[in-house]
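Shown here: protein_39.cif, mmCIF, C-alpha atoms.
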```cif
data_work
#
loop_
_atom_site.group_PDB
_atom_site.id
_atom_site.type_symbol
_atom_site.label_atom_id
_atom_site.label_comp_id
_atom_site.auth_asym_id
_atom_site.auth_seq_id
_atom_site.Cartn_x
_atom_site.Cartn_y
_atom_site.Cartn_z
ATOM 1 C CA MET T 14 -16.346 -25.596 -14.195
ATOM 2 C CA GLU T 15 -14.399 -25.944 -10.954
ATOM 3 C CA ALA T 16 -12.236 -22.931 -11.824
ATOM 4 C CA ALA T 17 -15.367 -20.832 -12.411
ATOM 5 C CA ILE T 18 -16.708 -21.761 -8.969
ATOM 6 C CA ILE T 19 -13.371 -20.884 -7.335
ATOM 7 C CA ASP T 20 -13.296 -17.551 -9.184
ATOM 8 C CA ALA T 21 -16.874 -16.775 -8.105
ATOM 9 C CA VAL T 22 -16.056 -17.527 -4.457
ATOM 10 C CA ALA T 23 -12.892 -15.423 -4.677
ATOM 11 C CA ASP T 24 -14.904 -12.526 -6.137
ATOM 12 C CA ARG T 25 -17.404 -12.747 -3.255
ATOM 13 C CA VAL T 26 -14.578 -12.813 -0.695
ATOM 14 C CA ARG T 27 -12.935 -9.751 -2.304
ATOM 15 C CA GLU T 28 -16.282 -7.954 -2.386
ATOM 16 C CA GLY T 29 -16.829 -8.817 1.271
ATOM 17 C CA ASP T 30 -13.327 -7.560 2.122
ATOM 18 C CA ARG T 31 -14.023 -4.289 0.278
ATOM 19 C CA ARG T 32 -17.269 -3.786 2.179
ATOM 20 C CA VAL T 33 -15.581 -4.525 5.512
ATOM 21 C CA THR T 34 -12.789 -2.095 4.650
ATOM 22 C CA ALA T 35 -15.284 0.611 3.671
ATOM 23 C CA GLU T 36 -17.215 0.061 6.913
ATOM 24 C CA LEU T 37 -14.035 0.232 9.011
ATOM 25 C CA VAL T 38 -12.959 3.436 7.257
ATOM 26 C CA GLY T 39 -16.375 4.964 7.953
ATOM 27 C CA ARG T 40 -16.182 4.027 11.613
ATOM 28 C CA ALA T 41 -12.607 5.308 11.905
ATOM 29 C CA VAL T 42 -13.566 8.631 10.296
ATOM 30 C CA ARG T 43 -16.193 8.962 13.032
ATOM 31 C CA GLY T 44 -13.431 8.528 15.643
ATOM 32 C CA ASP T 45 -13.415 4.757 16.278
ATOM 33 C CA ARG T 46 -9.741 4.015 16.998
ATOM 34 C CA GLY T 47 -10.419 0.289 17.174
ATOM 35 C CA ALA T 48 -11.674 0.363 13.591
ATOM 36 C CA PHE T 49 -8.546 2.246 12.544
ATOM 37 C CA ASP T 50 -6.403 -0.356 14.321
ATOM 38 C CA ARG T 51 -8.160 -3.125 12.393
ATOM 39 C CA LEU T 52 -7.484 -1.263 9.140
ATOM 40 C CA VAL T 53 -3.774 -0.708 9.680
ATOM 41 C CA GLU T 54 -2.785 -3.847 11.574
ATOM 42 C CA PRO T 55 -2.607 -6.090 8.478
ATOM 43 C CA GLN T 56 -0.566 -3.392 6.711
ATOM 44 C CA LEU T 57 2.095 -2.787 9.368
ATOM 45 C CA GLU T 58 4.568 -5.576 8.651
ATOM 46 C CA VAL T 59 4.714 -4.797 4.946
ATOM 47 C CA ALA T 60 4.798 -1.050 5.630
ATOM 48 C CA LEU T 61 7.711 -1.427 8.034
ATOM 49 C CA GLY T 62 9.585 -3.670 5.617
ATOM 50 C CA GLY T 63 9.140 -1.223 2.764
ATOM 51 C CA ALA T 64 10.109 1.744 4.921
ATOM 52 C CA ARG T 65 13.190 -0.165 6.097
ATOM 53 C CA LEU T 66 14.276 -0.732 2.503
ATOM 54 C CA ILE T 67 13.788 2.924 1.622
ATOM 55 C CA THR T 68 15.384 4.451 4.720
ATOM 56 C CA GLY T 69 17.967 1.756 5.333
ATOM 57 C CA HIS T 70 17.618 2.056 9.103
ATOM 58 C CA GLU T 71 15.312 0.233 11.470
ATOM 59 C CA ALA T 72 14.743 3.275 13.682
ATOM 60 C CA ASP T 73 14.021 5.599 10.760
ATOM 61 C CA ALA T 74 11.666 3.014 9.261
ATOM 62 C CA ALA T 75 9.761 2.705 12.529
ATOM 63 C CA ASP T 76 9.572 6.497 12.804
ATOM 64 C CA ALA T 77 8.402 6.797 9.196
ATOM 65 C CA VAL T 78 5.629 4.229 9.755
ATOM 66 C CA GLN T 79 4.632 5.957 12.996
ATOM 67 C CA ASP T 80 4.498 9.257 11.111
ATOM 68 C CA ALA T 81 2.424 7.585 8.376
ATOM 69 C CA LEU T 82 0.005 6.197 10.952
ATOM 70 C CA LEU T 83 -0.550 9.633 12.425
ATOM 71 C CA SER T 84 -0.870 11.256 8.992
ATOM 72 C CA SER T 85 -3.329 8.635 7.774
ATOM 73 C CA TRP T 86 -5.442 8.943 10.934
ATOM 74 C CA GLN T 87 -5.598 12.717 10.474
ATOM 75 C CA ALA T 88 -6.302 12.545 6.717
ATOM 76 C CA LEU T 89 -8.659 9.563 6.720
ATOM 77 C CA ALA T 90 -11.699 11.729 6.030
ATOM 78 C CA SER T 91 -10.070 12.837 2.756
ATOM 79 C CA LEU T 92 -9.876 9.245 1.448
ATOM 80 C CA ARG T 93 -12.170 9.325 -1.584
ATOM 81 C CA ASP T 94 -12.494 5.576 -2.058
ATOM 82 C CA PRO T 95 -12.687 3.843 1.342
ATOM 83 C CA GLU T 96 -12.198 0.454 -0.321
ATOM 84 C CA SER T 97 -8.703 1.486 -1.433
ATOM 85 C CA PHE T 98 -7.374 2.070 2.065
ATOM 86 C CA ALA T 99 -4.340 -0.246 1.665
ATOM 87 C CA PRO T 100 -2.783 1.460 -1.392
ATOM 88 C CA TRP T 101 -3.605 4.878 0.071
ATOM 89 C CA PHE T 102 -1.830 3.960 3.315
ATOM 90 C CA ARG T 103 1.187 2.567 1.412
ATOM 91 C CA LYS T 104 1.472 5.846 -0.443
ATOM 92 C CA ILE T 105 1.595 7.704 2.865
ATOM 93 C CA VAL T 106 4.258 5.283 4.170
ATOM 94 C CA ILE T 107 6.390 5.788 1.046
ATOM 95 C CA ARG T 108 6.185 9.570 1.286
ATOM 96 C CA SER T 109 7.006 9.459 4.981
ATOM 97 C CA ALA T 110 10.024 7.205 4.386
ATOM 98 C CA ILE T 111 11.272 9.505 1.620
ATOM 99 C CA ARG T 112 11.007 12.486 3.993
ATOM 100 C CA PHE T 113 13.144 10.627 6.533
ATOM 101 C CA VAL T 114 15.778 9.879 3.882
ATOM 102 C CA ARG T 115 15.849 13.511 2.778
ATOM 103 C CA ARG T 116 16.164 14.718 6.362
ATOM 104 C CA ARG T 117 19.089 12.435 7.001
ATOM 105 C CA ALA T 118 20.770 13.243 3.653
ATOM 106 C CA GLN T 119 23.465 10.616 4.030
ATOM 107 C CA VAL T 120 24.353 7.262 2.518
ATOM 108 C CA VAL T 121 21.819 4.594 3.381
ATOM 109 C CA GLU T 122 22.940 1.190 4.626
ATOM 110 C CA LEU T 123 20.571 -1.657 3.832
ATOM 111 C CA ASN T 124 20.676 -4.612 6.199
ATOM 112 C CA LEU T 125 19.617 -7.623 4.165
ATOM 113 C CA GLU T 126 20.667 -10.021 6.927
ATOM 114 C CA GLU T 127 17.102 -9.851 8.245
ATOM 115 C CA SER T 128 15.763 -11.455 5.080
ATOM 116 C CA GLY T 129 16.643 -14.931 6.318
ATOM 117 C CA PRO T 130 19.370 -17.115 7.742
ATOM 118 C CA SER T 131 22.608 -17.316 5.830
ATOM 119 C CA ASP T 132 23.325 -20.849 4.691
ATOM 120 C CA SER T 133 26.710 -20.185 3.129
ATOM 121 C CA ILE T 134 29.557 -17.722 3.110
ATOM 122 C CA GLU T 135 28.960 -16.974 -0.578
ATOM 123 C CA ARG T 136 25.312 -16.159 0.003
ATOM 124 C CA GLU T 137 26.211 -13.821 2.867
ATOM 125 C CA PHE T 138 28.826 -12.151 0.691
ATOM 126 C CA ASP T 139 26.272 -11.689 -2.115
ATOM 127 C CA ARG T 140 23.756 -10.191 0.332
ATOM 128 C CA ARG T 141 26.248 -7.673 1.642
ATOM 129 C CA GLN T 142 27.338 -6.811 -1.881
ATOM 130 C CA LEU T 143 23.708 -6.274 -2.897
ATOM 131 C CA ALA T 144 23.104 -4.168 0.219
ATOM 132 C CA ARG T 145 26.032 -1.908 -0.631
ATOM 133 C CA ALA T 146 24.846 -1.633 -4.242
ATOM 134 C CA PHE T 147 21.281 -0.847 -3.119
ATOM 135 C CA ALA T 148 22.609 1.810 -0.733
ATOM 136 C CA ARG T 149 24.366 3.552 -3.620
ATOM 137 C CA LEU T 150 21.044 4.125 -5.420
ATOM 138 C CA ASP T 151 19.169 7.361 -4.915
ATOM 139 C CA SER T 152 15.949 7.301 -2.913
ATOM 140 C CA LYS T 153 13.741 7.387 -6.033
ATOM 141 C CA ASP T 154 15.298 4.180 -7.336
ATOM 142 C CA ARG T 155 15.015 2.531 -3.914
ATOM 143 C CA VAL T 156 11.312 3.478 -3.771
ATOM 144 C CA LEU T 157 10.606 2.035 -7.212
ATOM 145 C CA LEU T 158 12.456 -1.202 -6.519
ATOM 146 C CA THR T 159 10.769 -1.536 -3.136
ATOM 147 C CA LEU T 160 7.316 -1.121 -4.674
ATOM 148 C CA HIS T 161 8.012 -3.440 -7.581
ATOM 149 C CA HIS T 162 10.094 -6.195 -6.006
ATOM 150 C CA TYR T 163 9.524 -6.080 -2.250
ATOM 151 C CA TRP T 164 5.829 -5.161 -2.161
ATOM 152 C CA GLN T 165 5.291 -6.760 -5.579
ATOM 153 C CA LEU T 166 2.762 -4.115 -6.515
ATOM 154 C CA PRO T 167 1.345 -4.265 -10.015
ATOM 155 C CA VAL T 168 2.570 -1.490 -12.294
ATOM 156 C CA ALA T 169 -0.879 0.129 -12.272
ATOM 157 C CA ASP T 170 -0.876 0.353 -8.460
ATOM 158 C CA SER T 171 2.661 1.739 -8.393
ATOM 159 C CA ALA T 172 1.711 4.315 -11.004
ATOM 160 C CA GLN T 173 -1.305 5.389 -8.973
ATOM 161 C CA LEU T 174 0.751 5.503 -5.784
ATOM 162 C CA LEU T 175 3.451 7.667 -7.379
ATOM 163 C CA GLY T 176 1.084 9.755 -9.486
ATOM 164 C CA VAL T 177 2.770 8.930 -12.802
ATOM 165 C CA PRO T 178 1.719 6.999 -15.922
ATOM 166 C CA GLU T 179 2.196 3.220 -16.009
ATOM 167 C CA GLY T 180 4.714 3.471 -18.840
ATOM 168 C CA THR T 181 6.794 5.824 -16.729
ATOM 169 C CA VAL T 182 6.834 3.286 -13.893
ATOM 170 C CA ARG T 183 7.933 0.501 -16.254
ATOM 171 C CA SER T 184 10.683 2.671 -17.689
ATOM 172 C CA ARG T 185 11.898 3.886 -14.299
ATOM 173 C CA VAL T 186 11.942 0.361 -12.834
ATOM 174 C CA HIS T 187 13.908 -0.843 -15.866
ATOM 175 C CA HIS T 188 16.476 1.940 -15.471
ATOM 176 C CA ALA T 189 16.627 1.534 -11.682
ATOM 177 C CA LEU T 190 17.429 -2.162 -12.161
ATOM 178 C CA LYS T 191 20.153 -1.262 -14.663
ATOM 179 C CA ARG T 192 21.653 1.163 -12.150
ATOM 180 C CA LEU T 193 21.424 -1.478 -9.407
ATOM 181 C CA ARG T 194 23.206 -4.000 -11.638
ATOM 182 C CA ALA T 195 25.923 -1.446 -12.404
ATOM 183 C CA CYS T 196 26.368 -0.696 -8.688
ATOM 184 C CA TYR T 197 26.435 -4.418 -7.949
ATOM 185 C CA ASP T 198 29.113 -4.987 -10.599
ATOM 186 C CA THR T 199 31.135 -2.115 -9.151
ATOM 187 C CA GLU T 200 30.888 -3.664 -5.703
ATOM 188 C CA ALA T 201 31.972 -7.026 -7.135
ATOM 189 C CA ARG T 202 35.152 -5.451 -8.532
ATOM 190 C CA ARG T 203 36.131 -3.964 -5.156
#
```

What would the structure in this file look like if it were written as C-alpha coordinates?
Amino acid sequence: MEAAIIDAVADRVREGDRRVTAELVGRAVRGDRGAFDRLVEPQLEVALGGARLITGHEADAADAVQDALLSSWQALASLRDPESFAPWFRKIVIRSAIRFVRRRAQVVELNLEESGPSDSIEREFDRRQLARAFARLDSKDRVLLTLHHYWQLPVADSAQLLGVPEGTVRSRVHHALKRLRACYDTEARR
(Lines of atoms letter the chains of each structure in order from A and count residues from 1; the text may use other names and numbers.)
(Lines give C-alpha, C1' and ligand atoms only; values in the text may rest on other atoms or scores of the structure.)
Protein backbone atom coordinates (compact mmCIF):
# COMPACT_ATOMS: atom_id res chain seq x y z
CA MET A 1 0.00 0.00 0.00
CA GLU A 2 2.75 2.42 1.01
CA ALA A 3 4.70 1.67 -2.18
CA ALA A 4 1.61 2.45 -4.27
CA ILE A 5 1.23 5.83 -2.57
CA ILE A 6 4.92 6.64 -3.15
CA ASP A 7 4.61 5.62 -6.81
CA ALA A 8 1.49 7.78 -7.24
CA VAL A 9 3.25 10.81 -5.72
CA ALA A 10 6.31 10.19 -7.90
CA ASP A 11 4.08 10.01 -11.00
CA ARG A 12 2.46 13.35 -10.08
CA VAL A 13 5.88 14.95 -9.52
CA ARG A 14 7.13 13.67 -12.90
CA GLU A 15 3.96 14.91 -14.59
CA GLY A 16 4.40 18.29 -12.93
CA ASP A 17 8.05 18.40 -14.05
CA ARG A 18 7.00 17.58 -17.63
CA ARG A 19 4.42 20.37 -17.62
CA VAL A 20 6.92 22.86 -16.20
CA THR A 21 9.46 21.81 -18.83
CA ALA A 22 6.90 22.18 -21.63
CA GLU A 23 5.91 25.62 -20.32
CA LEU A 24 9.55 26.75 -20.11
CA VAL A 25 10.22 25.52 -23.65
CA GLY A 26 7.18 27.44 -24.90
CA ARG A 27 8.34 30.61 -23.18
CA ALA A 28 11.90 30.18 -24.45
CA VAL A 29 10.66 29.67 -28.02
CA ARG A 30 8.90 33.02 -27.67
CA GLY A 31 12.25 34.61 -26.74
CA ASP A 32 12.30 34.37 -22.93
CA ARG A 33 16.00 33.87 -22.14
CA GLY A 34 15.26 33.41 -18.45
CA ALA A 35 13.07 30.42 -19.28
CA PHE A 36 15.86 28.99 -21.43
CA ASP A 37 18.31 29.49 -18.55
CA ARG A 38 15.99 27.56 -16.23
CA LEU A 39 15.82 24.74 -18.78
CA VAL A 40 19.55 24.35 -19.30
CA GLU A 41 20.91 25.16 -15.85
CA PRO A 42 20.14 21.72 -14.35
CA GLN A 43 21.72 20.09 -17.42
CA LEU A 44 25.03 21.98 -17.49
CA GLU A 45 27.11 20.02 -14.99
CA VAL A 46 26.26 16.68 -16.57
CA ALA A 47 26.67 18.12 -20.08
CA LEU A 48 30.11 19.48 -19.25
CA GLY A 49 31.17 16.21 -17.64
CA GLY A 50 30.05 14.20 -20.65
CA ALA A 51 31.68 16.61 -23.09
CA ARG A 52 34.90 16.44 -21.05
CA LEU A 53 34.93 12.65 -21.31
CA ILE A 54 34.36 12.76 -25.06
CA THR A 55 36.80 15.56 -25.90
CA GLY A 56 39.35 14.83 -23.21
CA HIS A 57 40.06 18.52 -22.66
CA GLU A 58 38.42 20.97 -20.30
CA ALA A 59 38.60 23.87 -22.76
CA ASP A 60 37.19 21.84 -25.65
CA ALA A 61 34.42 20.52 -23.41
CA ALA A 62 33.47 24.03 -22.34
CA ASP A 63 33.51 25.17 -25.97
CA ALA A 64 31.40 22.19 -27.03
CA VAL A 65 28.80 22.91 -24.33
CA GLN A 66 28.79 26.60 -25.27
CA ASP A 67 28.27 25.59 -28.91
CA ALA A 68 25.46 23.24 -27.83
CA LEU A 69 23.79 26.01 -25.84
CA LEU A 70 23.79 28.29 -28.85
CA SER A 71 22.61 25.53 -31.19
CA SER A 72 19.81 24.49 -28.84
CA TRP A 73 18.66 28.10 -28.39
CA GLN A 74 18.52 28.54 -32.17
CA ALA A 75 16.81 25.17 -32.81
CA LEU A 76 14.43 25.17 -29.85
CA ALA A 77 11.40 25.84 -32.03
CA SER A 78 12.12 22.57 -33.88
CA LEU A 79 11.81 20.50 -30.67
CA ARG A 80 8.78 18.31 -31.36
CA ASP A 81 8.20 17.14 -27.80
CA PRO A 82 8.88 19.99 -25.36
CA GLU A 83 8.76 17.56 -22.43
CA SER A 84 11.86 15.78 -23.77
CA PHE A 85 14.11 18.82 -23.60
CA ALA A 86 16.83 17.10 -21.51
CA PRO A 87 17.56 14.18 -23.89
CA TRP A 88 17.29 16.53 -26.87
CA PHE A 89 19.85 18.88 -25.31
CA ARG A 90 22.18 15.96 -24.44
CA LYS A 91 22.07 14.86 -28.06
CA ILE A 92 23.16 18.33 -29.14
CA VAL A 93 25.99 18.29 -26.56
CA ILE A 94 27.20 14.89 -27.80
CA ARG A 95 27.21 16.00 -31.43
CA SER A 96 29.01 19.21 -30.52
CA ALA A 97 31.66 17.33 -28.53
CA ILE A 98 32.19 14.90 -31.42
CA ARG A 99 32.70 17.85 -33.79
CA PHE A 100 35.38 19.23 -31.47
CA VAL A 101 37.15 15.86 -31.39
CA ARG A 102 37.06 15.60 -35.18
CA ARG A 103 38.38 19.13 -35.57
CA ARG A 104 41.28 18.43 -33.28
CA ALA A 105 42.01 15.01 -34.85
CA GLN A 106 44.61 14.04 -32.27
CA VAL A 107 44.92 11.64 -29.36
CA VAL A 108 42.62 12.57 -26.50
CA GLU A 109 43.91 12.68 -22.94
CA LEU A 110 41.31 11.96 -20.28
CA ASN A 111 41.95 13.50 -16.87
CA LEU A 112 40.26 11.23 -14.36
CA GLU A 113 41.94 13.00 -11.44
CA GLU A 114 38.88 15.25 -11.22
CA SER A 115 36.67 12.30 -10.33
CA GLY A 116 37.72 12.46 -6.69
CA PRO A 117 40.65 12.56 -4.31
CA SER A 118 43.23 9.83 -4.62
CA ASP A 119 43.48 7.80 -1.44
CA SER A 120 46.33 5.55 -2.52
CA ILE A 121 49.15 5.29 -5.00
CA GLU A 122 47.59 2.16 -6.53
CA ARG A 123 44.28 3.89 -7.10
CA GLU A 124 46.01 6.84 -8.77
CA PHE A 125 47.99 4.45 -10.95
CA ASP A 126 44.79 2.62 -11.95
CA ARG A 127 43.10 5.93 -12.81
CA ARG A 128 45.94 7.03 -15.04
CA GLN A 129 46.06 3.62 -16.68
CA LEU A 130 42.31 3.79 -17.34
CA ALA A 131 42.66 7.33 -18.69
CA ARG A 132 45.33 6.22 -21.15
CA ALA A 133 43.21 3.23 -22.19
CA PHE A 134 40.12 5.44 -22.62
CA ALA A 135 42.15 7.89 -24.72
CA ARG A 136 43.11 5.08 -27.10
CA LEU A 137 39.45 4.44 -27.97
CA ASP A 138 37.91 6.14 -30.97
CA SER A 139 35.36 8.88 -30.39
CA LYS A 140 32.39 6.59 -31.10
CA ASP A 141 33.41 4.24 -28.30
CA ARG A 142 34.01 7.16 -25.93
CA VAL A 143 30.53 8.52 -26.73
CA LEU A 144 28.85 5.18 -26.07
CA LEU A 145 30.70 4.61 -22.81
CA THR A 146 29.99 8.16 -21.69
CA LEU A 147 26.27 7.77 -22.35
CA HIS A 148 26.05 4.34 -20.75
CA HIS A 149 28.38 4.64 -17.77
CA TYR A 150 28.86 8.34 -17.03
CA TRP A 151 25.37 9.64 -17.82
CA GLN A 152 23.86 6.24 -17.00
CA LEU A 153 21.27 6.64 -19.72
CA PRO A 154 18.95 3.72 -20.31
CA VAL A 155 19.60 1.86 -23.55
CA ALA A 156 16.35 3.18 -25.04
CA ASP A 157 17.41 6.80 -24.42
CA SER A 158 20.88 6.19 -25.84
CA ALA A 159 19.35 4.58 -28.91
CA GLN A 160 17.05 7.54 -29.43
CA LEU A 161 19.90 9.99 -28.89
CA LEU A 162 22.14 8.23 -31.42
CA GLY A 163 19.37 7.36 -33.86
CA VAL A 164 20.05 3.61 -33.83
CA PRO A 165 18.11 0.56 -32.61
CA GLU A 166 18.40 -0.48 -28.96
CA GLY A 167 20.06 -3.77 -29.89
CA THR A 168 22.72 -1.85 -31.77
CA VAL A 169 23.44 0.24 -28.67
CA ARG A 170 23.75 -2.89 -26.51
CA SER A 171 26.08 -4.51 -29.01
CA ARG A 172 28.22 -1.41 -29.47
CA VAL A 173 28.53 -0.82 -25.71
CA HIS A 174 29.54 -4.46 -25.26
CA HIS A 175 32.23 -4.19 -27.95
CA ALA A 176 33.39 -0.77 -26.72
CA LEU A 177 33.89 -2.26 -23.24
CA LYS A 178 35.86 -5.15 -24.74
CA ARG A 179 38.08 -2.68 -26.59
CA LEU A 180 38.51 -0.63 -23.40
CA ARG A 181 39.52 -3.76 -21.48
CA ALA A 182 42.02 -4.66 -24.21
CA CYS A 183 43.49 -1.14 -24.13
CA TYR A 184 43.62 -1.29 -20.34
CA ASP A 185 45.44 -4.63 -20.43
CA THR A 186 47.89 -3.20 -22.97
CA GLU A 187 48.54 -0.25 -20.69
CA ALA A 188 49.06 -2.62 -17.75
CA ARG A 189 51.80 -4.46 -19.68
CA ARG A 190 53.72 -1.24 -20.40

Work out how far CA of Ala201 (chain T) is from CA of Arg155 (chain T), in Å to one decimal.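 Computing it gives 19.7 Å between the two atoms.
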
To one decimal place, how far is CA of Arg103 (chain T) from CA of Leu52 (chain T) in Å? 12.2 Å

How many Å separate CA of Ala75 (chain T) from CA of Val59 (chain T)?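 Between CA of Ala75 (chain T) and CA of Val59 (chain T) the gap is 11.8 Å.
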
Which one is closest to Ala64 (chain T): T:Leu89, T:Ala110, T:Leu83, T:Ala146? Count all atoms listed in the file.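 For Ala64 (chain T), the nearest of the given residues is T:Ala110.
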
So which one's closest to Ala60 (chain T), T:Arg46, T:Leu82, T:Val106, T:Leu92? Using only C-alpha atoms, please. T:Val106

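Among T:Leu143, T:Gln165, T:Val177, T:Asp154, the residue with the shortest atom-to-atom distance to Asp198 (chain T), counting all atoms listed in the file, is T:Leu143.
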
Hits from the PyMOL selection byres ((chain T and resi 56) around 10), listed as a PyMOL selection string: chain T and resi 51-55+57-61+98-100+102-103

Dump C-alpha atoms for the selected residues as a PDB file, in the frame of the given file?
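out-v3.pdb was written with the following content:
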```pdb
ATOM      1  CA  ARG T  51      -8.160  -3.125  12.393  1.00  0.00           C
ATOM      2  CA  LEU T  52      -7.484  -1.263   9.140  1.00  0.00           C
ATOM      3  CA  VAL T  53      -3.774  -0.708   9.680  1.00  0.00           C
ATOM      4  CA  GLU T  54      -2.785  -3.847  11.574  1.00  0.00           C
ATOM      5  CA  PRO T  55      -2.607  -6.090   8.478  1.00  0.00           C
ATOM      6  CA  LEU T  57       2.095  -2.787   9.368  1.00  0.00           C
ATOM      7  CA  GLU T  58       4.568  -5.576   8.651  1.00  0.00           C
ATOM      8  CA  VAL T  59       4.714  -4.797   4.946  1.00  0.00           C
ATOM      9  CA  ALA T  60       4.798  -1.050   5.630  1.00  0.00           C
ATOM     10  CA  LEU T  61       7.711  -1.427   8.034  1.00  0.00           C
ATOM     11  CA  PHE T  98      -7.374   2.070   2.065  1.00  0.00           C
ATOM     12  CA  ALA T  99      -4.340  -0.246   1.665  1.00  0.00           C
ATOM     13  CA  PRO T 100      -2.783   1.460  -1.392  1.00  0.00           C
ATOM     14  CA  PHE T 102      -1.830   3.960   3.315  1.00  0.00           C
ATOM     15  CA  ARG T 103       1.187   2.567   1.412  1.00  0.00           C
TER      16      ARG T 103
END
```

If we count only C-alpha atoms, what is near Trp101 (chain T) at a cut-off of 12 Å, once residues fewer than 6 positions away on the same chain are taken out, given as a VMD selection string? chain T and resid 38 52 to 53 56 60 81 to 82 84 to 86 88 to 89 91 to 95 107 to 108 170 to 171 173 to 176

Atoms kept (C-alpha atoms) for selection, written as a PDB file, in the frame of the given file:
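Dumped to part32.pdb:
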```
ATOM      1  CA  VAL T  38     -12.959   3.436   7.257  1.00  0.00           C
ATOM      2  CA  LEU T  52      -7.484  -1.263   9.140  1.00  0.00           C
ATOM      3  CA  VAL T  53      -3.774  -0.708   9.680  1.00  0.00           C
ATOM      4  CA  GLN T  56      -0.566  -3.392   6.711  1.00  0.00           C
ATOM      5  CA  ALA T  60       4.798  -1.050   5.630  1.00  0.00           C
ATOM      6  CA  ALA T  81       2.424   7.585   8.376  1.00  0.00           C
ATOM      7  CA  LEU T  82       0.005   6.197  10.952  1.00  0.00           C
ATOM      8  CA  SER T  84      -0.870  11.256   8.992  1.00  0.00           C
ATOM      9  CA  SER T  85      -3.329   8.635   7.774  1.00  0.00           C
ATOM     10  CA  TRP T  86      -5.442   8.943  10.934  1.00  0.00           C
ATOM     11  CA  ALA T  88      -6.302  12.545   6.717  1.00  0.00           C
ATOM     12  CA  LEU T  89      -8.659   9.563   6.720  1.00  0.00           C
ATOM     13  CA  SER T  91     -10.070  12.837   2.756  1.00  0.00           C
ATOM     14  CA  LEU T  92      -9.876   9.245   1.448  1.00  0.00           C
ATOM     15  CA  ARG T  93     -12.170   9.325  -1.584  1.00  0.00           C
ATOM     16  CA  ASP T  94     -12.494   5.576  -2.058  1.00  0.00           C
ATOM     17  CA  PRO T  95     -12.687   3.843   1.342  1.00  0.00           C
ATOM     18  CA  ILE T 107       6.390   5.788   1.046  1.00  0.00           C
ATOM     19  CA  ARG T 108       6.185   9.570   1.286  1.00  0.00           C
ATOM     20  CA  ASP T 170      -0.876   0.353  -8.460  1.00  0.00           C
ATOM     21  CA  SER T 171       2.661   1.739  -8.393  1.00  0.00           C
ATOM     22  CA  GLN T 173      -1.305   5.389  -8.973  1.00  0.00           C
ATOM     23  CA  LEU T 174       0.751   5.503  -5.784  1.00  0.00           C
ATOM     24  CA  LEU T 175       3.451   7.667  -7.379  1.00  0.00           C
ATOM     25  CA  GLY T 176       1.084   9.755  -9.486  1.00  0.00           C
TER      26      GLY T 176
END
```

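The shortest atom-to-atom distance to Gly63 (chain T), with only C-alpha atoms taken into account, belongs to T:His162 out of T:Arg31, T:His162, T:Arg149, T:Arg115.
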
Among T:Ala41, T:Ala48, T:Ala77, T:Val114, Ser152 (chain T) is approached most closely, using all atoms listed in the file, by T:Val114

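Candidate residues T:Ala172, T:Ile134, T:Ala144, T:Val33 were compared for distance to Leu160 (chain T), and the nearest is T:Ala172, using all atoms listed in the file.
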